[in-house]
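Student: Here it is: the structure, laid out below.
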Amino acid sequence: MSTSQDGYQHPRASFVNGESNYSQTSSPTNSTAILPKAEHDGQHATRSAPKKRGLAFWLACLAALVVIILAIILPIYFTVIKKKDNNSNSPASTGNGTDSGGHTGNGTTPSATGAITGRDGSQVTLEDGSTFSYSNQFGGFWVSDPSDPFASGAKPNSWTPALNETWTYGKDHIFGVNLGGWLVLEPFISPALFQKYPGTVDEWTLSEAMAADPDGGGLDQLEEHYKTFITEKDFAEIAGAGLNWVRLPIAFWAIDKWDGEPFLDKVSWKYALKAFEWARKYGLRVNLDLHSIPGSQSGYNHSGKMGPINFLHGPMGIANAQRALNYMRVLTEFISQPEYQPIVPMFGIMNEAVIRVIGRDALTSFYREAHDMIRGITGVGEGNGFYISIHDGGEMDMTLWDGFLAGSDRIVMDRHPYTSFGGATFEDPIATGTGDDAGGVWVATAFGFTYAGEWTNGYNDCGLFLTGVGGTHNYYGDCDFWEDASTWDDATIAGVAAQSAAYMDALKDYFFWTWRIGNSTAGHVQSPLWSYQLGLEGGWILKDPREAAGKCGDIPVFDGNYEPWMTGGVGAGTITARLLGHLSRRRRLLVLMFPPTSFLSTHLRECRHLAGPTASAGATRVSGWYDAQDTGLAPTTISGCDYPNPWDALDAAIPVGCGGGAPAAAA
């Protein structure tokens, strides 16, 4: 599937053209009516007359009852208790903390190990003591084991492998949703926060405004947002909606920040830990996505700061890249621990880096460096760490990625097929033809596993702050209508539902953007097409995503077989000699394809490790660092160097004595 955009136009913020200023652009020009609702033939069952039932009948019923009981008991035993027993000597079985939920109530099932599990209708007690009834009609069950907080036997539904079972890409399908706007704020997702501070346009300016308003809550307002915007109940609802993955955007300041950056640092990480805990409990896999990069890789508001791109671009490009690589390293060390490998089997190392500004060679070289750093920590081949996800960079022609880093180890491609922006017609990319052309070109087998990391029901650019605070809409119709779902009639809801189902069918493996949109000061959601949760409630998103099959017509079915190196098999970790001859690279400290006088280097400091969750007694449950042999330092500023603003340095002169004029030495 592809869009018809000539340039990469981002759906959720103004696009930056590489200059020191930026402009807001989006231009949907479609006028096609919403897809008609599919007709369904009703099926009527007939009943025969009652028959007398003899002894044989009742014996058969008794046998069936035994089978049903075993069908319920055995999955829990083998996926929860037996798996735990088989791994009793692993680090994941030595946790001494208790689960924060303390789950008891109707429908729960204590196991012989003290684990508590629950299916549809079970009672769950939350951290604050409140309770809710777990709703899951797809055979999913949650697991909470106070004696082993890292037990991974839960399942979100009957067709998804449990967390301690093997996921097979190309055969098992990702039905996922993003947790956008939670740990990385966006104006259209949490509009009320930005409406409180007029003139704020991104998390940078919002943080500055909050810090200047201690009487209004100061930066503590951000943590209050983390506490309340997404909770455990959301994870339970996601599993109950037939979904099996979440994509979790996170910012680099979850780890730390540098002087001059206004972000609330080191706070959102503890909520990422909660996300891992809740995903484990309800059987959801996590695609951790590093959404914000020092200096901005995209110029969008969700990169931390709107404005020019300073990642691998301009005098501070290399210094920002060195920082980014280290943040990727810190996250890699944490999620590679055996306690977290089943929960986070995919890591999106950088969201939406704009390739036409940064340059293909520079970005390829950086991805090669990141790949080698990551696999140096995890090891090479299937079972050694997560899949590495990279974004397509806004490329419309996917053949440009064919054979990218051939021989690498488990790199997958993330695409964002939005049609809200850039003038694409409503049928594109859904109605692209019939037969082999149906649904457009999507599965890029010449690259490897490809999925939609973001998509939406938004076929126009209507939505409060959707094009950025102060942005304008290019939709020719009435945006007020599309910004208030309470005004939609049955035909509108049916049309949006048909479009949504067609997308699900065409994409196969996807993460909807996004799970939740917060209310504006008007008291309701003003970007309803972008909220999965609201779509479930309103009836324009399928309650069972499997029902999308066939809604996009006759789409060729991929057989799920990739070349072995793409999935960690034979050939993984053997990047071609041709590529090695083409790229300039050094280990640990980045030296990319820039002339020596165009960048500033950095010195080294002790690397910050991420803390794990704590037990009730206050002890840390995990070390936070997988590879004890990785003792390298982290980049830091050179003492006495008057660096340009790393977020706005495109036109800055390089000061003397700060590393310019000579590349950084290899470690």
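Ordering of the structure tokens sets the chain letters (A, B, ...); residue numbers start at 1 within each chain; ligands are numbered from 1 in the order shown.
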Can you tell me which residues surround Ile238 (chain A) at a distance of at most 12 Å, considering only C-alpha atoms, apart from same-chain residues fewer than 2 positions away, and format the answer as a short mmCIF file (atom, residue, chain, number, x, y, z; two decimals) with C-alpha atoms, in the first residue's frame?

Tutor:
```cif
data_model
loop_
_atom_site.label_atom_id
_atom_site.label_comp_id
_atom_site.auth_asym_id
_atom_site.auth_seq_id
_atom_site.Cartn_x
_atom_site.Cartn_y
_atom_site.Cartn_z
CA TYR A 134 -12.41 -7.62 32.92
CA SER A 135 -14.22 -7.87 29.59
CA ASN A 136 -12.66 -10.18 27.02
CA PHE A 138 -11.98 -13.64 22.72
CA GLY A 140 -7.87 -14.01 26.56
CA PRO A 156 -4.87 -11.29 24.98
CA ASN A 157 -7.00 -13.66 22.90
CA PHE A 175 -3.41 -6.04 15.51
CA GLY A 176 -2.02 -3.09 17.38
CA VAL A 177 -2.68 0.40 18.63
CA ASN A 178 -0.40 3.31 19.54
CA LEU A 179 -0.29 4.89 22.97
CA ILE A 230 -3.26 5.95 30.15
CA THR A 231 -3.87 3.49 33.01
CA GLU A 232 -3.96 -0.25 33.58
CA LYS A 233 -7.61 -0.28 32.58
CA ASP A 234 -6.65 0.93 29.10
CA PHE A 235 -4.37 -2.09 28.66
CA ALA A 236 -7.21 -4.37 29.75
CA GLY A 240 -10.46 -7.02 25.27
CA ALA A 241 -10.78 -5.32 21.88
CA GLY A 242 -9.06 -8.22 20.11
CA LEU A 243 -5.73 -6.40 19.81
CA ASN A 244 -2.40 -8.01 20.66
CA TRP A 245 0.31 -5.31 20.47
CA VAL A 246 0.83 -1.74 21.61
CA ARG A 247 3.33 0.73 20.19
CA TRP A 278 0.49 -3.98 32.38
CA ALA A 279 1.36 -5.37 28.95
CA TYR A 282 -2.72 -8.77 29.82
CA GLY A 283 -0.56 -10.61 27.27
CA LEU A 284 0.23 -7.63 25.01
CA ARG A 285 3.53 -7.29 23.17
CA PHE A 511 -0.79 -0.06 14.83
CA PHE A 512 -3.67 2.43 14.72
CA THR A 514 -3.93 6.36 18.43
CA TRP A 515 -5.74 4.61 21.30
CA ARG A 516 -7.06 7.69 23.02
CA TYR A 532 -9.57 3.88 18.49
CA GLN A 533 -11.22 3.88 21.90
CA LEU A 536 -15.11 1.23 19.52
CA LYS A 543 -15.04 -4.81 17.90
CA ASP A 544 -13.33 -7.88 16.41
CA PRO A 545 -10.48 -6.96 14.03
#
```

Student: Mind checking which residues fall within 9 Å of Gly458 (chain A), counting only C-alpha atoms, ignoring those fewer than 4 positions away in the same chain, and posting them as an mmCIF file with N, CA and C atoms, in the first residue's frame?

Tutor:
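Wrote selection.cif, looks like this:
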```cif
data_model
loop_
_atom_site.group_PDB
_atom_site.id
_atom_site.type_symbol
_atom_site.label_atom_id
_atom_site.label_comp_id
_atom_site.auth_asym_id
_atom_site.auth_seq_id
_atom_site.Cartn_x
_atom_site.Cartn_y
_atom_site.Cartn_z
ATOM 1 N N TYR A 418 -0.681 7.405 5.868
ATOM 2 C CA TYR A 418 -1.759 8.372 6.071
ATOM 3 C C TYR A 418 -2.254 8.908 4.728
ATOM 4 N N THR A 419 -3.544 9.161 4.644
ATOM 5 C CA THR A 419 -4.118 9.808 3.466
ATOM 6 C C THR A 419 -4.765 11.135 3.826
ATOM 7 N N SER A 420 -4.561 11.600 5.048
ATOM 8 C CA SER A 420 -5.184 12.843 5.495
ATOM 9 C C SER A 420 -4.531 14.072 4.892
ATOM 10 N N CYS A 462 -9.233 17.309 9.298
ATOM 11 C CA CYS A 462 -10.036 17.949 10.331
ATOM 12 C C CYS A 462 -9.667 17.404 11.710
ATOM 13 N N GLY A 463 -9.616 18.286 12.677
ATOM 14 C CA GLY A 463 -9.271 17.913 14.044
ATOM 15 C C GLY A 463 -8.573 19.079 14.707
ATOM 16 N N VAL A 496 -17.436 5.352 7.783
ATOM 17 C CA VAL A 496 -16.132 5.351 8.450
ATOM 18 C C VAL A 496 -15.749 3.930 8.847
ATOM 19 N N SER A 527 -10.931 15.347 17.692
ATOM 20 C CA SER A 527 -10.307 14.602 16.589
ATOM 21 C C SER A 527 -10.792 13.159 16.661
ATOM 22 N N PRO A 528 -12.114 12.945 16.543
ATOM 23 C CA PRO A 528 -12.666 11.607 16.799
ATOM 24 C C PRO A 528 -12.214 10.545 15.806
ATOM 25 N N LEU A 529 -11.856 10.940 14.585
ATOM 26 C CA LEU A 529 -11.413 9.943 13.609
ATOM 27 C C LEU A 529 -10.092 9.301 14.001
ATOM 28 N N TRP A 530 -9.397 9.889 14.965
ATOM 29 C CA TRP A 530 -8.067 9.420 15.347
ATOM 30 C C TRP A 530 -8.076 8.643 16.656
#
```

Student: Excluding region 340-346 of chain A and its own-chain neighbours fewer than 3 positions away, which residues fall within 6 Å of it when counting only C-alpha atoms? Please give them as a PDB file with N, CA, C and O atoms, in the first residue's frame.

Tutor:
```pdb
ATOM      1  N   LEU A 163       2.785 -14.696  25.764  1.00  0.00           N
ATOM      2  CA  LEU A 163       4.054 -13.983  25.760  1.00  0.00           C
ATOM      3  C   LEU A 163       5.252 -14.924  25.868  1.00  0.00           C
ATOM      4  O   LEU A 163       6.341 -14.593  25.389  1.00  0.00           O
ATOM      5  N   ARG A 285       2.147  -7.564  23.525  1.00  0.00           N
ATOM      6  CA  ARG A 285       3.531  -7.290  23.170  1.00  0.00           C
ATOM      7  C   ARG A 285       3.708  -5.793  22.912  1.00  0.00           C
ATOM      8  O   ARG A 285       2.768  -5.119  22.491  1.00  0.00           O
ATOM      9  N   VAL A 286       4.928  -5.308  23.142  1.00  0.00           N
ATOM     10  CA  VAL A 286       5.211  -3.877  23.054  1.00  0.00           C
ATOM     11  C   VAL A 286       6.240  -3.612  21.967  1.00  0.00           C
ATOM     12  O   VAL A 286       7.301  -4.235  21.934  1.00  0.00           O
ATOM     13  N   ASN A 287       5.913  -2.688  21.093  1.00  0.00           N
ATOM     14  CA  ASN A 287       6.873  -2.111  20.159  1.00  0.00           C
ATOM     15  C   ASN A 287       7.297  -0.771  20.760  1.00  0.00           C
ATOM     16  O   ASN A 287       6.564   0.210  20.711  1.00  0.00           O
ATOM     17  N   ILE A 335      15.874  -3.400  27.689  1.00  0.00           N
ATOM     18  CA  ILE A 335      14.850  -4.318  27.174  1.00  0.00           C
ATOM     19  C   ILE A 335      15.436  -5.647  26.714  1.00  0.00           C
ATOM     20  O   ILE A 335      14.677  -6.586  26.416  1.00  0.00           O
ATOM     21  N   SER A 336      16.769  -5.757  26.662  1.00  0.00           N
ATOM     22  CA  SER A 336      17.393  -7.042  26.323  1.00  0.00           C
ATOM     23  C   SER A 336      17.502  -7.967  27.521  1.00  0.00           C
ATOM     24  O   SER A 336      17.841  -9.147  27.356  1.00  0.00           O
ATOM     25  N   GLN A 337      17.225  -7.474  28.712  1.00  0.00           N
ATOM     26  CA  GLN A 337      17.239  -8.338  29.893  1.00  0.00           C
ATOM     27  C   GLN A 337      16.182  -9.436  29.726  1.00  0.00           C
ATOM     28  O   GLN A 337      15.115  -9.197  29.157  1.00  0.00           O
ATOM     29  N   PHE A 386      15.651  -8.215  20.340  1.00  0.00           N
ATOM     30  CA  PHE A 386      14.441  -7.782  19.644  1.00  0.00           C
ATOM     31  C   PHE A 386      14.694  -7.576  18.149  1.00  0.00           C
ATOM     32  O   PHE A 386      15.832  -7.551  17.671  1.00  0.00           O
ATOM     33  N   TYR A 387      13.586  -7.376  17.414  1.00  0.00           N
ATOM     34  CA  TYR A 387      13.661  -6.920  16.037  1.00  0.00           C
ATOM     35  C   TYR A 387      13.895  -5.407  16.049  1.00  0.00           C
ATOM     36  O   TYR A 387      13.303  -4.680  16.850  1.00  0.00           O
TER      37      TYR A 387
END
```
